[in-house]
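To keep things clear, I will list the structure first and then write my remarks on it.
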Amino acid sequence: MNKLNKLLVPLYVLFLIGSFFYVKSVIKGVPVSVEDTSDDKTVEIKSVKVSLTVKAPSYTKTYTQESKNIDTVSDLLLQIKENNTDFTFDRTSYSYGSEFDHINGIKATETMEWRIFDGEKDVTLKINDTELEDGKNYVLVFQKVTE
């Protein structure tokens with residue numbers, strides 16, 4: 001047993017020294033990650049002039065609005081509502097987007113609905129995410145329900 005203790009103590013000391021150098025080499029070899037912020041884009045806030053055309057069965061009216069390029073189509077609707085007494089709307093927001101309940105008192109039905117377009121692209125469900133672009137005309141249309 002005495003011979004075993006004499007052998008185990010130096011082996012244990014060698015194990016500790018070897019472990020120290022191993023851990024040191026592992027730590028030295030693994031680079032510390034630094035968050036790369038070079039890809040972050042800062043958006044320059046600019047004033048944009050946009051318009052909204054409302055096409056209902058009995059009338060068509062265009063509203064012009066000065067906004068910012070960081071505003072969304074949803075913001076545009078709210079700004080036009082605040083600045084024009086003849087424009088009203090209600091909408092219901094869902095997790096997947098929004099649906100219009102009525103525009104200027106004309107209610108959506110099972111067969112007719114309000115949709116908003118950016119050119120040919122329907123952005124009704126994405127009005128909270130679609131940012132305004134200078135010179136654009138967004139069109140709010142009362143149309144047959146498309147499935």
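In the structure tokens, chains take the letters A, B, ... in the order shown, each chain's residues start at 1, and ligands count up from 1 in the order shown.
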
Give me, as a list of chain:residue names, all polymer residues having an atom no more than 7 Å from A:Asp118, counting only C-alpha atoms and skipping those fewer than 5 positions away in the same chain. A:Val123, A:Tyr138, A:Val139

Those same residues, written as a PDB file, in the first residue's frame with N, CA and C atoms?
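Everything below was put into selection-v2.pdb:
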```
ATOM      1  N   VAL A 123     -52.041  44.439 -49.995  1.00  0.00           N
ATOM      2  CA  VAL A 123     -51.308  44.555 -48.732  1.00  0.00           C
ATOM      3  C   VAL A 123     -52.253  44.614 -47.527  1.00  0.00           C
ATOM      4  N   TYR A 138     -51.887  54.414 -52.750  1.00  0.00           N
ATOM      5  CA  TYR A 138     -52.483  53.201 -52.214  1.00  0.00           C
ATOM      6  C   TYR A 138     -53.980  53.272 -52.499  1.00  0.00           C
ATOM      7  N   VAL A 139     -54.553  52.159 -52.925  1.00  0.00           N
ATOM      8  CA  VAL A 139     -55.948  52.135 -53.359  1.00  0.00           C
ATOM      9  C   VAL A 139     -56.741  51.214 -52.439  1.00  0.00           C
TER      10      VAL A 139
END
```

Please identify the alpha helix (DSSP H) residues within stretch 17-93 of chain A (assignment by DSSP from backbone atoms) and present them as a compact mmCIF listing (two decimals) with C-alpha atoms, in the first residue's frame.
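Saved to part_11.txt:
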```txt
# COMPACT_ATOMS: atom_id res chain seq x y z
CA ILE A 17 -0.39 19.84 -14.44
CA GLY A 18 -1.48 18.19 -17.68
CA SER A 19 -5.08 19.25 -17.11
CA PHE A 20 -3.99 22.83 -16.47
CA PHE A 21 -2.09 23.04 -19.76
CA TYR A 22 -4.90 21.29 -21.66
CA VAL A 23 -7.54 23.72 -20.40
CA LYS A 24 -5.22 26.64 -21.10
CA SER A 25 -4.69 25.51 -24.70
CA VAL A 26 -8.43 24.99 -25.26
CA ILE A 27 -9.28 28.45 -23.92
CA LYS A 28 -6.51 30.04 -25.98
CA GLY A 29 -7.63 28.27 -29.16
CA VAL A 73 -49.94 51.88 -44.44
CA SER A 74 -51.73 51.48 -41.11
CA ASP A 75 -50.22 54.79 -39.96
CA LEU A 76 -51.34 56.40 -43.22
CA LEU A 77 -54.95 55.34 -42.64
CA LEU A 78 -54.88 56.74 -39.11
CA GLN A 79 -53.34 60.04 -40.28
CA ILE A 80 -55.94 60.46 -43.02
CA LYS A 81 -58.70 59.68 -40.52
CA GLU A 82 -57.34 62.34 -38.13
CA ASN A 83 -56.99 64.99 -40.85
```

Among chain A, which ones does DSSP place in strand (DSSP E or B), written as a count of residues only? 52

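The coordinates place atom CA of A:Val50 at 8.6 Å from atom CA of A:Tyr63.
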
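What separates atom CA of A:Glu110 from atom CA of A:Lys61 is a distance of 24.5 Å.
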
A:Thr124, A:Thr53, A:Ser67, A:Thr62 ranked by distance to A:Tyr96, top pick (using only C-alpha atoms): A:Thr124

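Each of A:Thr146, A:Thr88, A:Asn2, A:Thr60 was checked against A:Ile103 using only C-alpha atoms; the smallest atom-to-atom distance is that of A:Thr88.
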
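Interatomic distance, atom CA of A:Phe89 to atom CA of A:Thr64: 16.8 Å.
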
Residue neighbourhood A:Lys68, 10 Å, only C-alpha atoms, exclusion window fewer than 2 positions, as a PyMOL selection string: chain A and resi 44-50+65-66+70-72+75-76+131-134

Selection export as an mmCIF file, in the first residue's frame, atoms kept: C-alpha atoms:
```cif
data_model
loop_
_atom_site.group_PDB
_atom_site.id
_atom_site.type_symbol
_atom_site.label_atom_id
_atom_site.label_comp_id
_atom_site.auth_asym_id
_atom_site.auth_seq_id
_atom_site.Cartn_x
_atom_site.Cartn_y
_atom_site.Cartn_z
ATOM 1 C CA GLU A 44 -32.661 57.789 -42.913
ATOM 2 C CA ILE A 45 -36.008 59.282 -41.968
ATOM 3 C CA LYS A 46 -37.413 61.248 -44.886
ATOM 4 C CA SER A 47 -40.657 62.981 -45.598
ATOM 5 C CA VAL A 48 -42.790 61.229 -48.207
ATOM 6 C CA LYS A 49 -45.878 62.359 -50.049
ATOM 7 C CA VAL A 50 -48.393 59.572 -50.607
ATOM 8 C CA GLN A 65 -50.855 62.934 -47.011
ATOM 9 C CA GLU A 66 -47.346 64.014 -45.969
ATOM 10 C CA ILE A 70 -40.810 54.786 -41.621
ATOM 11 C CA ASP A 71 -44.605 55.048 -41.329
ATOM 12 C CA THR A 72 -46.734 52.098 -42.423
ATOM 13 C CA ASP A 75 -50.216 54.795 -39.958
ATOM 14 C CA LEU A 76 -51.337 56.397 -43.223
ATOM 15 C CA GLU A 131 -43.732 51.015 -45.108
ATOM 16 C CA LEU A 132 -44.733 54.025 -47.178
ATOM 17 C CA GLU A 133 -42.830 54.951 -50.319
ATOM 18 C CA ASP A 134 -42.643 58.448 -51.747
#
```

Using only C-alpha atoms, which residue out of A:Val9, A:Pro57, A:Asn84, A:Asn128 lies closest to A:Leu140? A:Pro57
